[in-house]
$ cat entry.cif   # mmCIF, C-alpha atoms; chains and numbers go by the auth columns
data_data
#
loop_
_atom_site.group_PDB
_atom_site.id
_atom_site.type_symbol
_atom_site.label_atom_id
_atom_site.label_comp_id
_atom_site.label_asym_id
_atom_site.label_seq_id
_atom_site.Cartn_x
_atom_site.Cartn_y
_atom_site.Cartn_z
_atom_site.B_iso_or_equiv
_atom_site.auth_seq_id
_atom_site.auth_asym_id
ATOM 1 C CA MET A 1 85.070 129.431 -12.448 0.00 12 A
ATOM 2 C CA THR A 2 88.751 129.943 -12.012 0.00 13 A
ATOM 3 C CA PRO A 3 91.338 127.585 -13.410 0.00 14 A
ATOM 4 C CA PHE A 4 92.215 126.432 -9.897 0.00 15 A
ATOM 5 C CA GLU A 5 88.606 125.574 -9.151 0.00 16 A
ATOM 6 C CA SER A 6 88.358 123.709 -12.479 0.00 17 A
ATOM 7 C CA LEU A 7 91.556 121.798 -11.723 0.00 18 A
ATOM 8 C CA SER A 8 90.281 121.032 -8.232 0.00 19 A
ATOM 9 C CA LEU A 9 86.965 119.788 -9.691 0.00 20 A
ATOM 10 C CA VAL A 10 88.740 117.530 -12.219 0.00 21 A
ATOM 11 C CA ILE A 11 91.046 116.110 -9.534 0.00 22 A
ATOM 12 C CA SER A 12 88.106 115.414 -7.199 0.00 23 A
ATOM 13 C CA CYS A 13 86.189 113.709 -10.038 0.00 24 A
ATOM 14 C CA ILE A 14 89.203 111.546 -10.795 0.00 25 A
ATOM 15 C CA ALA A 15 89.555 110.758 -7.060 0.00 26 A
ATOM 16 C CA ALA A 16 85.852 109.874 -6.852 0.00 27 A
ATOM 17 C CA LEU A 17 86.171 107.602 -9.920 0.00 28 A
ATOM 18 C CA LEU A 18 89.261 105.893 -8.482 0.00 29 A
ATOM 19 C CA SER A 19 87.507 105.508 -5.123 0.00 30 A
ATOM 20 C CA PHE A 20 84.517 103.878 -6.844 0.00 31 A
ATOM 21 C CA ILE A 21 86.778 101.477 -8.776 0.00 32 A
ATOM 22 C CA VAL A 22 88.672 100.500 -5.621 0.00 33 A
ATOM 23 C CA TRP A 23 85.429 100.095 -3.650 0.00 34 A
ATOM 24 C CA ASN A 24 84.002 97.825 -6.369 0.00 35 A
ATOM 25 C CA GLY A 25 87.192 95.696 -6.351 0.00 36 A
ATOM 26 C CA GLN A 26 87.113 95.448 -2.561 0.00 37 A
ATOM 27 C CA ARG A 27 83.497 94.327 -2.701 0.00 38 A
ATOM 28 C CA ALA A 28 84.436 91.522 -5.121 0.00 39 A
ATOM 29 C CA LEU A 29 87.352 90.505 -2.869 0.00 40 A
ATOM 30 C CA HIS A 30 85.082 90.552 0.168 0.00 41 A
ATOM 31 C CA LYS A 31 82.604 88.283 -1.647 0.00 42 A
ATOM 32 C CA LYS A 32 85.378 85.792 -2.528 0.00 43 A
ATOM 33 C CA SER A 33 86.646 85.952 1.041 0.00 44 A
ATOM 34 C CA ASN A 34 83.176 85.062 2.351 0.00 45 A
ATOM 35 C CA GLU A 35 82.960 82.133 -0.075 0.00 46 A
ATOM 36 C CA LEU A 36 86.342 80.845 1.114 0.00 47 A
ATOM 37 C CA GLN A 37 85.282 81.182 4.748 0.00 48 A
ATOM 38 C CA GLU A 38 82.133 79.165 4.024 0.00 49 A
ATOM 39 C CA ALA A 39 84.197 76.472 2.269 0.00 50 A
ATOM 40 C CA THR A 40 86.629 76.373 5.196 0.00 51 A
ATOM 41 C CA ALA A 41 83.764 76.064 7.667 0.00 52 A
ATOM 42 C CA GLU A 42 82.275 73.185 5.626 0.00 53 A
ATOM 43 C CA LEU A 43 85.638 71.405 5.565 0.00 54 A
ATOM 44 C CA ALA A 44 85.989 71.838 9.325 0.00 55 A
ATOM 45 C CA ARG A 45 82.489 70.361 9.807 0.00 56 A
ATOM 46 C CA LYS A 46 83.383 67.355 7.644 0.00 57 A
ATOM 47 C CA GLN A 47 86.646 66.842 9.529 0.00 58 A
ATOM 48 C CA LEU A 48 84.756 66.871 12.824 0.00 59 A
ATOM 49 C CA GLU A 49 82.324 64.289 11.443 0.00 60 A
ATOM 50 C CA LEU A 50 85.219 62.073 10.322 0.00 61 A
ATOM 51 C CA ILE A 51 86.901 62.371 13.708 0.00 62 A
ATOM 52 C CA LYS A 52 83.634 61.550 15.462 0.00 63 A
ATOM 53 C CA ASP A 53 83.041 58.524 13.191 0.00 64 A
ATOM 54 C CA SER A 54 86.614 57.369 13.763 0.00 65 A
ATOM 55 C CA GLU A 55 86.211 57.650 17.534 0.00 66 A
ATOM 56 C CA GLU A 56 82.920 55.742 17.393 0.00 67 A
ATOM 57 C CA LYS A 57 84.488 52.992 15.267 0.00 68 A
ATOM 58 C CA SER A 58 87.370 52.708 17.692 0.00 69 A
ATOM 59 C CA GLN A 59 84.830 51.855 20.414 0.00 70 A
ATOM 60 C CA VAL A 60 83.064 49.149 18.359 0.00 71 A
ATOM 61 C CA ALA A 61 84.493 45.663 17.862 0.00 72 A
ATOM 62 C CA GLU A 62 84.322 43.945 14.495 0.00 73 A
ATOM 63 C CA LEU A 63 84.099 40.166 14.374 0.00 74 A
ATOM 64 C CA GLY A 64 84.741 37.751 11.567 0.00 75 A
ATOM 65 C CA MET A 65 83.718 34.141 11.223 0.00 76 A
ATOM 66 C CA ASN A 66 84.944 31.431 8.871 0.00 77 A
ATOM 67 C CA LEU A 67 84.972 27.694 8.401 0.00 78 A
ATOM 68 C CA SER A 68 88.449 26.212 8.017 0.00 79 A
ATOM 69 C CA HIS A 69 89.483 22.713 7.023 0.00 80 A
ATOM 70 C CA LEU A 70 92.772 21.385 8.327 0.00 81 A
ATOM 71 C CA HIS A 71 93.986 17.792 8.097 0.00 82 A
ATOM 72 C CA GLY A 72 90.521 16.406 7.547 0.00 83 A
ATOM 73 C CA SER A 73 88.847 18.237 10.415 0.00 84 A
ATOM 74 C CA ALA A 74 86.686 21.318 10.188 0.00 85 A
ATOM 75 C CA ARG A 75 86.608 24.210 12.616 0.00 86 A
ATOM 76 C CA VAL A 76 84.519 27.334 12.900 0.00 87 A
ATOM 77 C CA GLU A 77 86.723 30.249 13.866 0.00 88 A
ATOM 78 C CA ILE A 78 85.512 33.523 15.342 0.00 89 A
ATOM 79 C CA TRP A 79 88.007 36.381 15.000 0.00 90 A
ATOM 80 C CA ASN A 80 88.078 39.859 16.473 0.00 91 A
ATOM 81 C CA ILE A 81 89.330 41.981 13.571 0.00 92 A
ATOM 82 C CA GLY A 82 88.331 45.299 15.131 0.00 93 A
ATOM 83 C CA THR A 83 90.322 47.793 17.170 0.00 94 A
ATOM 84 C CA THR A 84 88.739 47.031 20.541 0.00 95 A
ATOM 85 C CA GLU A 85 87.600 43.972 22.463 0.00 96 A
ATOM 86 C CA ALA A 86 84.248 42.223 22.091 0.00 97 A
ATOM 87 C CA LEU A 87 82.339 41.082 25.177 0.00 98 A
ATOM 88 C CA ASP A 88 79.713 38.382 25.779 0.00 99 A
ATOM 89 C CA ILE A 89 79.825 36.890 22.279 0.00 100 A
ATOM 90 C CA GLU A 90 76.918 34.616 21.338 0.00 101 A
ATOM 91 C CA ILE A 91 76.338 32.585 18.186 0.00 102 A
ATOM 92 C CA ALA A 92 73.005 31.493 16.731 0.00 103 A
ATOM 93 C CA LEU A 93 71.849 29.702 13.622 0.00 104 A
ATOM 94 C CA LYS A 94 69.867 32.233 11.588 0.00 105 A
ATOM 95 C CA ASN A 95 67.006 29.908 10.662 0.00 106 A
ATOM 96 C CA GLY A 96 66.887 27.295 13.359 0.00 107 A
ATOM 97 C CA GLU A 97 68.511 25.862 16.434 0.00 108 A
ATOM 98 C CA ILE A 98 72.267 25.603 16.833 0.00 109 A
ATOM 99 C CA GLY A 99 71.837 21.835 17.293 0.00 110 A
ATOM 100 C CA LYS A 100 70.790 21.572 13.642 0.00 111 A
ATOM 101 C CA SER A 101 74.032 23.121 12.412 0.00 112 A
ATOM 102 C CA PHE A 102 77.419 21.492 11.900 0.00 113 A
ATOM 103 C CA LEU A 103 78.525 22.890 15.272 0.00 114 A
ATOM 104 C CA ILE A 104 78.625 20.427 18.151 0.00 115 A
ATOM 105 C CA PRO A 105 76.067 21.595 20.773 0.00 116 A
ATOM 106 C CA SER A 106 78.193 20.510 23.765 0.00 117 A
ATOM 107 C CA GLU A 107 81.184 22.442 22.368 0.00 118 A
ATOM 108 C CA VAL A 108 79.011 25.529 21.856 0.00 119 A
ATOM 109 C CA ALA A 109 77.619 25.224 25.390 0.00 120 A
ATOM 110 C CA ALA A 110 81.123 24.853 26.844 0.00 121 A
ATOM 111 C CA LYS A 111 82.732 27.778 25.009 0.00 122 A
ATOM 112 C CA LEU A 112 79.895 30.274 24.664 0.00 123 A
ATOM 113 C CA PRO A 113 79.193 32.937 25.614 0.00 124 A
ATOM 114 C CA ILE A 114 82.749 34.152 25.098 0.00 125 A
ATOM 115 C CA LYS A 115 83.296 36.637 27.930 0.00 126 A
ATOM 116 C CA ARG A 116 86.026 38.651 26.208 0.00 127 A
ATOM 117 C CA LEU A 117 87.698 38.429 22.819 0.00 128 A
ATOM 118 C CA ARG A 118 90.562 40.880 22.518 0.00 129 A
ATOM 119 C CA ARG A 119 91.792 42.451 19.316 0.00 130 A
ATOM 120 C CA ASN A 120 93.321 39.875 16.898 0.00 131 A
ATOM 121 C CA GLU A 121 92.305 36.925 19.126 0.00 132 A
ATOM 122 C CA HIS A 122 90.200 34.038 17.902 0.00 133 A
ATOM 123 C CA VAL A 123 88.197 31.114 19.253 0.00 134 A
ATOM 124 C CA SER A 124 87.772 27.808 17.425 0.00 135 A
ATOM 125 C CA LEU A 125 84.758 25.527 17.614 0.00 136 A
ATOM 126 C CA ILE A 126 84.826 21.984 16.267 0.00 137 A
ATOM 127 C CA ALA A 127 82.524 21.427 13.304 0.00 138 A
ATOM 128 C CA ALA A 128 81.016 17.996 12.685 0.00 139 A
ATOM 129 C CA VAL A 129 80.648 17.684 8.920 0.00 140 A
ATOM 130 C CA THR A 130 78.708 14.709 7.603 0.00 141 A
ATOM 131 C CA LEU A 131 77.138 13.841 4.279 0.00 142 A
ATOM 132 C CA ASP A 132 73.799 15.162 5.584 0.00 143 A
ATOM 133 C CA THR A 133 75.262 18.561 6.509 0.00 144 A
ATOM 134 C CA PRO A 134 73.868 21.393 4.376 0.00 145 A
ATOM 135 C CA ALA A 135 76.368 22.977 1.991 0.00 146 A
ATOM 136 C CA SER A 136 75.950 26.410 3.575 0.00 147 A
ATOM 137 C CA GLN A 137 74.554 27.713 6.837 0.00 148 A
ATOM 138 C CA ASP A 138 73.769 31.228 8.027 0.00 149 A
ATOM 139 C CA PHE A 139 74.912 32.273 11.491 0.00 150 A
ATOM 140 C CA VAL A 140 74.358 35.402 13.555 0.00 151 A
ATOM 141 C CA LEU A 141 77.052 36.628 15.927 0.00 152 A
ATOM 142 C CA SER A 142 76.018 39.066 18.631 0.00 153 A
ATOM 143 C CA TRP A 143 78.243 40.834 21.134 0.00 154 A
ATOM 144 C CA ARG A 144 78.526 43.794 23.441 0.00 155 A
ATOM 145 C CA ASN A 145 81.059 46.558 22.810 0.00 156 A
ATOM 146 C CA PRO A 146 83.129 48.211 25.574 0.00 157 A
ATOM 147 C CA ASN A 147 80.989 51.354 25.237 0.00 158 A
ATOM 148 C CA GLY A 148 77.883 49.276 26.111 0.00 159 A
ATOM 149 C CA SER A 149 76.335 49.162 22.636 0.00 160 A
ATOM 150 C CA LEU A 150 75.169 45.856 21.176 0.00 161 A
ATOM 151 C CA SER A 151 76.292 44.653 17.746 0.00 162 A
ATOM 152 C CA THR A 152 75.260 41.793 15.500 0.00 163 A
ATOM 153 C CA ASP A 153 76.582 40.487 12.219 0.00 164 A
ATOM 154 C CA GLU A 154 75.476 37.724 9.880 0.00 165 A
ATOM 155 C CA PHE A 155 77.815 35.194 8.274 0.00 166 A
ATOM 156 C CA THR A 156 77.254 32.469 5.711 0.00 167 A
ATOM 157 C CA LEU A 157 79.634 29.547 6.094 0.00 168 A
ATOM 158 C CA GLN A 158 80.017 27.181 3.161 0.00 169 A
ATOM 159 C CA LEU A 159 81.425 23.673 3.201 0.00 170 A
ATOM 160 C CA TRP A 160 84.095 22.604 0.763 0.00 171 A
ATOM 161 C CA ARG A 161 83.327 19.128 -0.463 0.00 172 A
#

$ encode --input "entry.cif" --output "structure tokens"
Amino acid sequence: MTPFESLSLVISCIAALLSFIVWNGQRALHKKSNELQEATAELARKQLELIKDSEEKSQVAELGMNLSHLHGSARVEIWNIGTTEALDIEIALKNGEIGKSFLIPSEVAAKLPIKRLRRNEHVSLIAAVTLDTPASQDFVLSWRNPNGSLSTDEFTLQLWR
């Protein structure tokens, strides 16, 4: 073998070794790149879920209910604390008839169902509190959302004596 052939053989071996090293490094980089793409895809999926949940929540009203005492009189207040309006709001006593609660039946009949309660609006109902009135009562509010879905929520109202 001539010196030129030997030199050519050594150079090609070095080139093959360098090629192998570079190929191995590229394979590791490609693996990391795939892992980052998977992580990015997972983040995009989670963002889509959050956006979808946010859009669904923006179409569902959220109501609150409390018992307030002002100047010796008690009132039950129903608030819309959500981002959209609530429609056809009904109230019921969880374990019994509304007539057995501290709400006045004629007042309930006159004001309910509430056709529309816009965001941050409230409706007050007079509460008749006597010595025989239970210290706490459980109520169920039910309403229809603008997207057509039905919602219910339970509230426990407690008297301050």

$ residues_around --input "entry.cif" --residues "A:Val87" --least-positions-apart "5" --cutoff "7 Å" --atoms "only C-alpha atoms" --output "ChimeraX atom specification"
/A:77-79,135-138

$ residues_around --input "entry.cif" --residues "A:Val119" --least-positions-apart "4" --cutoff "12 Å" --atoms "only C-alpha atoms" --output "PDB file with C-alpha atoms, keeping the file's coordinate frame"
ATOM      1  CA  VAL A  87      84.519  27.334  12.900  1.00  0.00           C
ATOM      2  CA  ILE A 100      79.825  36.890  22.279  1.00  0.00           C
ATOM      3  CA  GLU A 101      76.918  34.616  21.338  1.00  0.00           C
ATOM      4  CA  ILE A 102      76.338  32.585  18.186  1.00  0.00           C
ATOM      5  CA  ALA A 103      73.005  31.493  16.731  1.00  0.00           C
ATOM      6  CA  LEU A 104      71.849  29.702  13.622  1.00  0.00           C
ATOM      7  CA  GLU A 108      68.511  25.862  16.434  1.00  0.00           C
ATOM      8  CA  ILE A 109      72.267  25.603  16.833  1.00  0.00           C
ATOM      9  CA  GLY A 110      71.837  21.835  17.293  1.00  0.00           C
ATOM     10  CA  SER A 112      74.032  23.121  12.412  1.00  0.00           C
ATOM     11  CA  PHE A 113      77.419  21.492  11.900  1.00  0.00           C
ATOM     12  CA  LEU A 114      78.525  22.890  15.272  1.00  0.00           C
ATOM     13  CA  ILE A 115      78.625  20.427  18.151  1.00  0.00           C
ATOM     14  CA  LEU A 123      79.895  30.274  24.664  1.00  0.00           C
ATOM     15  CA  PRO A 124      79.193  32.937  25.614  1.00  0.00           C
ATOM     16  CA  ILE A 125      82.749  34.152  25.098  1.00  0.00           C
ATOM     17  CA  VAL A 134      88.197  31.114  19.253  1.00  0.00           C
ATOM     18  CA  SER A 135      87.772  27.808  17.425  1.00  0.00           C
ATOM     19  CA  LEU A 136      84.758  25.527  17.614  1.00  0.00           C
ATOM     20  CA  ILE A 137      84.826  21.984  16.267  1.00  0.00           C
ATOM     21  CA  ALA A 138      82.524  21.427  13.304  1.00  0.00           C
TER      22      ALA A 138
END

$ atom_distance --input "entry.cif" --atom1 "atom CA of A:Val71" --atom2 "atom CA of A:Ser153"
12.3 Å

$ residues_around --input "entry.cif" --residues "A:Asp149" --least-positions-apart "2" --cutoff "8 Å" --atoms "all atoms listed in the file" --output "MDAnalysis selection string"
chainID A and resid 104:106 147 151 165:168

$ closest_residue --input "entry.cif" --among "A:Thr141, A:Asn131, A:Thr51, A:Gln169" --to "A:Leu74" --atoms "all atoms listed in the file"
A:Asn131
